[in-house]
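S.K.: Mind having a look at this structure? Questions to follow.
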Amino acid sequence: MCSIIGINGQNVNNRLFKMLNILKHRGPDATGIYSNDKLFFNEEINDKIDESEFILAHNLLSIVGNNEIQPIKSGNLVLIANAEIYNYEKLLLDYNLDNFKTNSDCEIILKLIEKFYGNNLKEAVLKTISLLDGDYAFCVYDNKDYVAVRDEIGVKPLHYAFDENTFSFSSESKALKAINLNNSQSLNPRYAIVNNSLLKIRDEFTRYESKIPYEDLKNELKTNLLEATKKRTKNLDHVALLFSAGVDSTLIAILLKKLNVNTTLYTIGTENSQDLKFSKKVAKDIDMPLKTWIINQEIIEKQLEDTINTIEDTNLMKIGVGMTIKLTSQLASKDNQKVILSGQGADELFCGYNRYKNKYDTPAELLDELTHDLNNMYHVNLERDDKATMSNSIELRVPFLDRNVIETAVKTPIKYMLHSNEDKIRKHILREVAYEMGVPEYIAFRPKKAAQYGTGIDKIIKKKILKKKEFTKLLENY
């Protein structure tokens, strides 16, 4: 939806402006600043803003509604947020909230904090986030203290860094590096930033094996996935879907169709690549519009450096996935799409990766690995994907990482997901759910093909591009 920035220190104005500019791609529609208890928007922002020791700033990507510009101020509280709050309407009714200044669901965060505020900002924030169902990163300030926090899985990014004179946080680490804060870290979703310090606020998710019958778990998963997709598309005229024709993205496509959401599928790949081949067949079979982009070595070479700068990583696997998402969202941006959905999270939740089968015979170790992967998605995959889509000013939404879907997954027994240490398809409960909900059988039980392989990008990078000195030097010198 946008970028958020906070900076605490002396003589920080110029650094703040540089960060705003670096993150403009995340919010090209409007800019706002809070400084010295005053708000400045768009044309009002210039180098004449008085120096302040604490400044908040926001770049807006407008998706739904009007007058959404931030920061938002109420009384002595001021908020910046990168958020989608899916239980917005329910919270309005449950807590009888009114006097809203915007049409943005972000303002519900401020109103709840204000309702619970009793000169203890931290406690008001903790009570508020216990009620939120959504993806968010936000900061609230009361002229004395500030608290910055993100959602419990870490779908929305938040990074922080500091030196002896300055503490700053932002939606992407590149903004922090741009002002010479080079020790940036991704905020663990189990922690909040409170006045330049970290405070633990949540426990990790824990995997365990329940005794709930298989059919009951399947029905629960069907209900929760449909509702998760419905939440993430409410009030949208149309959406895009990152489409590989694997079971995860095809299931989301089927759910979108069931919900009558105006959807376009988007797929990129080299000529004759697996993803393009299957996407065309599936789109025809399920009768949904598909747009494709056939890429080649020349395109991949041109995109390589930009992809590395976007995802801020030279790991070849991450480059392959990141380029796939970046180019697919670029294709969607040509249709003025503002929201793109993906199947991210399904593999961590339902035992999708090939490496999981290696611990089939040691279930306690496998549960530990699944627990670790779920709790660390925020800095492994989610930030890469967010950077890739937001580089094209498109917001990523991930139905599989809905709280209720996660709660179903964490209690699902291993035997319902993985059948042996030689299991070639894995994710069995999810595949059966997908098939029963309308995913074609040849896709529901199709073995996983990672994005970088399915598109053909990895093969071209490794076999052709890395044989050229300029590209090996690029990776070495980044």
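Numbering starts fresh at 1 for the residues of each chain in the structure tokens, the chains themselves are lettered A, B, ... in the order given, and ligands are numbered from 1 as they appear.
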Using only C-alpha atoms, find each residue in region 74-182 of chain A having at least one atom no more than 10 Å away from region 352-376 of chain A; report its shortest atom-to-atom pair and that distance in Å (one decimal), rows by chain then rising number, as a tab-separated table.
M.R.:
residue	atom	partner	partner_atom	distance
A:Glu152	CA	A:Asn375	CA	9.1
A:Ile153	CA	A:Asn375	CA	6.9
A:Gly154	CA	A:Asn376	CA	8.7
S.K.: Put those residues in a file: N, CA and C atoms, as a PDB file, in the first residue's frame.
M.R.:
ATOM      1  N   GLU A 152       1.722 -10.199  12.718  1.00  0.00           N
ATOM      2  CA  GLU A 152       2.311 -11.331  13.420  1.00  0.00           C
ATOM      3  C   GLU A 152       3.083 -12.298  12.536  1.00  0.00           C
ATOM      4  N   ILE A 153       2.829 -12.320  11.233  1.00  0.00           N
ATOM      5  CA  ILE A 153       3.602 -13.179  10.337  1.00  0.00           C
ATOM      6  C   ILE A 153       4.676 -12.382   9.612  1.00  0.00           C
ATOM      7  N   GLY A 154       4.497 -11.061   9.535  1.00  0.00           N
ATOM      8  CA  GLY A 154       5.485 -10.212   8.877  1.00  0.00           C
ATOM      9  C   GLY A 154       5.235 -10.025   7.395  1.00  0.00           C
TER      10      GLY A 154
END
S.K.: Quick one: everything within 10 Å of Ala178 (chain A), counting only C-alpha atoms, minus sequence neighbours fewer than 6 positions away in the same chain. Send it as a list of chain:residue names.
M.R.: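 In the requested form, the answer reads A:Arg15, A:Lys18, A:Met19, A:Ile22.
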S.K.: Give me every helix (DSSP H, G or I) residue in region 231-452 of chain A, going by DSSP on the backbone, as a PyMOL selection string.
M.R.: chain A and resi 231+247-258+274-286+297-311+316-333+346-350+354-359+363-375+377-390+399-401+403-410+414-416+428-437+441-444+451-452
S.K.: Please, what distance in Å, to one decimal, runs between CA of Lys387 (chain A) and CA of Leu475 (chain A)?
M.R.: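 Separating CA of Lys387 (chain A) from CA of Leu475 (chain A) is a distance of 18.9 Å.
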S.K.: Which value, in Å to one decimal, gives the distance between CA of Gln10 (chain A) and CA of Asn180 (chain A)?
M.R.: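 Rounded to one decimal, the two atoms are 14.8 Å apart.
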S.K.: Quick one: of A:Lys415, A:Lys473, A:His428, A:Arg150, who's nearest to Glu305 (chain A), counting only C-alpha atoms?
M.R.: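 Closest to Glu305 (chain A) of all the choices is A:Lys473.
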S.K.: Using only C-alpha atoms, determine which residues lie at most 12 Å from Lys334 (chain A), disregarding the query and same-chain residues fewer than 5 positions distant; provide the list as JSON, numbers by chain.
M.R.: {"A": [240, 266, 291, 293, 327, 328, 329, 392, 393, 394]}
S.K.: Would you save the residues from that selection as a compact mmCIF listing (two decimals), in the first residue's frame, using C-alpha atoms?
M.R.:
# COMPACT_ATOMS: atom_id res chain seq x y z
CA ALA A 240 -4.12 -9.70 -10.62
CA TYR A 266 -0.33 -13.26 -15.25
CA LYS A 291 -1.75 -12.54 -19.99
CA TRP A 293 5.17 -12.47 -21.45
CA LEU A 327 8.55 -9.20 -14.22
CA THR A 328 5.11 -10.70 -13.63
CA SER A 329 4.03 -7.70 -11.56
CA ASN A 392 6.12 -1.80 -9.81
CA SER A 393 3.83 -0.03 -7.33
CA ILE A 394 1.63 -3.10 -6.90
S.K.: Tell me which protein, DNA and RNA residues are within 8 Å of Leu77 (chain A), counting only C-alpha atoms, leaving out same-chain ones fewer than 5 positions away, and put them as a list in words.
M.R.: Leu110, Glu114, Val140, Tyr141, Asp142 and Asn143 of chain A
S.K.: Could you give me, as a Markdown table, a per-residue list for region 292-335 of chain A showing, wherever an atom lies at most 8 Å from an atom of region 457-462 of chain A, the closest pair of atoms and their distance in Å to one decimal, using only C-alpha atoms and sorting by chain then residue number from low to high?
M.R.:
| residue | atom | partner | partner_atom | distance |
| --- | --- | --- | --- | --- |
| A:Gln297 | CA | A:Ile460 | CA | 6.4 |
| A:Ile300 | CA | A:Ile457 | CA | 7.3 |
| A:Leu316 | CA | A:Asp458 | CA | 7.7 |
| A:Met317 | CA | A:Asp458 | CA | 7.5 |
| A:Gly320 | CA | A:Asp458 | CA | 5.6 |
| A:Thr324 | CA | A:Ile457 | CA | 7.7 |
S.K.: Print the selection's residues with C-alpha atoms to a file, as a short mmCIF file (atom, residue, chain, number, x, y, z; two decimals), in the first residue's frame.
M.R.:
data_model
loop_
_atom_site.label_atom_id
_atom_site.label_comp_id
_atom_site.auth_asym_id
_atom_site.auth_seq_id
_atom_site.Cartn_x
_atom_site.Cartn_y
_atom_site.Cartn_z
CA GLN A 297 18.26 -14.10 -22.45
CA ILE A 300 16.97 -11.46 -18.30
CA LEU A 316 20.90 -17.05 -7.33
CA MET A 317 17.75 -18.78 -6.13
CA GLY A 320 15.40 -16.26 -10.00
CA THR A 324 9.88 -13.90 -11.81
#
S.K.: Counting only C-alpha atoms, give me one row per residue of region 7-120 of chain A with an atom at most 12 Å from an atom of region 161-177 of chain A, showing the shortest contact pair and its distance in Å to one decimal, sorted by chain then residue number, as a tab-separated table.
M.R.:
residue	atom	partner	partner_atom	distance
A:Ile7	CA	A:Ser168	CA	4.2
A:Asn8	CA	A:Phe167	CA	5.2
A:Gly9	CA	A:Thr166	CA	4.5
A:Gln10	CA	A:Asn165	CA	7.2
A:Asn11	CA	A:Thr166	CA	9.6
A:Val12	CA	A:Thr166	CA	8.3
A:Asn13	CA	A:Thr166	CA	11.9
A:Arg15	CA	A:Leu176	CA	9.2
A:Leu16	CA	A:Ala175	CA	9.2
A:Phe17	CA	A:Ala175	CA	10.2
A:Lys18	CA	A:Ala175	CA	7.7
A:Met19	CA	A:Ala175	CA	4.9
A:Leu20	CA	A:Ala175	CA	7.8
A:Asn21	CA	A:Ala175	CA	8.6
A:Ile22	CA	A:Ala175	CA	5.8
A:Leu23	CA	A:Ala175	CA	6.7
A:Lys24	CA	A:Ala175	CA	10.3
A:His25	CA	A:Glu172	CA	11.1
A:Arg26	CA	A:Ser171	CA	8.8
A:Gly27	CA	A:Ser171	CA	11.0
A:Glu53	CA	A:Thr166	CA	9.3
A:Phe54	CA	A:Ser168	CA	9.5
A:Ile55	CA	A:Ser168	CA	9.6
A:Leu56	CA	A:Phe169	CA	9.7
A:Ala57	CA	A:Ser170	CA	9.3
A:His58	CA	A:Ser170	CA	9.6
A:Asn59	CA	A:Ser171	CA	10.3
A:Ile80	CA	A:Ser170	CA	11.0
A:Ala81	CA	A:Ser171	CA	10.2
A:Asn82	CA	A:Ser171	CA	8.5
A:Ala83	CA	A:Ser171	CA	11.6
S.K.: Given only C-alpha atoms as the basis, pick out the residue of A:Ile414, A:Val405, A:Ile299, A:Ile325 nearest to Lys211 (chain A).
M.R.: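 Among the listed residues, the smallest separation from Lys211 (chain A) belongs to A:Ile414.
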S.K.: Quick one: pull the distance between CA of Ile425 (chain A) and CA of Pro447 (chain A), Å, one decimal.
M.R.: 4.7 Å
S.K.: Could you tell me which of A:Asp386, A:Asp347, A:Asp335, A:Asp29 comes closest to Ile311 (chain A) if we count only C-alpha atoms?
M.R.: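 Among A:Asp386, A:Asp347, A:Asp335, A:Asp29, it is A:Asp386 that comes nearest to Ile311 (chain A).
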S.K.: Which residue is closest to His238 (chain A)? Choose from A:Val321, A:Lys326, A:Lys338, A:Gln185 and count only C-alpha atoms.
M.R.: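 Smallest distance to His238 (chain A) is found for A:Lys338.
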S.K.: From the set A:Ala450, A:Val398, A:Asp248, A:Asn87, which residue has the shortest atom-to-atom contact distance to Asp275 (chain A), counting only C-alpha atoms?
M.R.: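 Smallest distance to Asp275 (chain A) is found for A:Ala450.
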S.K.: When you look at region 68-74 of chain A with a cut-off of 7 Å (counting only C-alpha atoms), what residues show up, excluding the ones that are within fewer than 6 positions of it in the same chain? I need them as a PyMOL selection string.
M.R.: chain A and resi 30+32-34+57-58+60+80+102-104
S.K.: Any chance you can output those residues with N, CA and C atoms as an mmCIF file, in the first residue's frame?
M.R.:
data_model
loop_
_atom_site.group_PDB
_atom_site.id
_atom_site.type_symbol
_atom_site.label_atom_id
_atom_site.label_comp_id
_atom_site.auth_asym_id
_atom_site.auth_seq_id
_atom_site.Cartn_x
_atom_site.Cartn_y
_atom_site.Cartn_z
ATOM 1 N N ALA A 30 0.963 10.152 -3.243
ATOM 2 C CA ALA A 30 0.977 11.302 -2.322
ATOM 3 C C ALA A 30 2.077 11.096 -1.281
ATOM 4 N N GLY A 32 3.351 12.572 2.762
ATOM 5 C CA GLY A 32 3.046 13.355 3.953
ATOM 6 C C GLY A 32 4.149 13.243 4.982
ATOM 7 N N ILE A 33 4.294 14.309 5.798
ATOM 8 C CA ILE A 33 5.326 14.363 6.839
ATOM 9 C C ILE A 33 4.712 14.922 8.123
ATOM 10 N N TYR A 34 5.125 14.346 9.243
ATOM 11 C CA TYR A 34 4.801 14.904 10.559
ATOM 12 C C TYR A 34 6.101 15.373 11.192
ATOM 13 N N ALA A 57 7.104 9.953 8.235
ATOM 14 C CA ALA A 57 6.786 10.260 6.841
ATOM 15 C C ALA A 57 6.118 9.069 6.172
ATOM 16 N N HIS A 58 5.403 9.371 5.079
ATOM 17 C CA HIS A 58 4.562 8.353 4.439
ATOM 18 C C HIS A 58 4.453 8.643 2.954
ATOM 19 N N LEU A 60 2.128 7.332 -0.265
ATOM 20 C CA LEU A 60 0.846 6.651 -0.435
ATOM 21 C C LEU A 60 0.709 5.992 -1.802
ATOM 22 N N ILE A 80 1.356 6.691 11.195
ATOM 23 C CA ILE A 80 1.673 6.326 9.810
ATOM 24 C C ILE A 80 1.518 4.819 9.722
ATOM 25 N N THR A 102 -10.754 10.169 7.323
ATOM 26 C CA THR A 102 -10.445 9.597 6.020
ATOM 27 C C THR A 102 -11.362 8.414 5.748
ATOM 28 N N ASN A 103 -11.234 7.876 4.538
ATOM 29 C CA ASN A 103 -11.922 6.644 4.173
ATOM 30 C C ASN A 103 -10.988 5.445 4.240
ATOM 31 N N SER A 104 -9.854 5.621 4.843
ATOM 32 C CA SER A 104 -8.841 4.575 4.904
ATOM 33 C C SER A 104 -9.073 3.642 6.082
#
S.K.: Please run DSSP on the backbone and report, as number ranges by chain, all residues within region 311-416 of chain A that come out as strand (DSSP E or B).
M.R.: A: 339-341, 395-397
S.K.: Can you write just those residues out, C-alpha atoms, as an mmCIF file, in the first residue's frame?
M.R.:
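See part00.cif below for the written result:
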data_model
loop_
_atom_site.group_PDB
_atom_site.id
_atom_site.type_symbol
_atom_site.label_atom_id
_atom_site.label_comp_id
_atom_site.auth_asym_id
_atom_site.auth_seq_id
_atom_site.Cartn_x
_atom_site.Cartn_y
_atom_site.Cartn_z
ATOM 1 C CA VAL A 339 -3.234 -5.492 -6.124
ATOM 2 C CA ILE A 340 -1.699 -8.845 -7.000
ATOM 3 C CA LEU A 341 -2.320 -12.110 -5.131
ATOM 4 C CA GLU A 395 0.601 -4.410 -3.488
ATOM 5 C CA LEU A 396 1.043 -8.122 -2.801
ATOM 6 C CA ARG A 397 -1.630 -10.024 -0.873
#
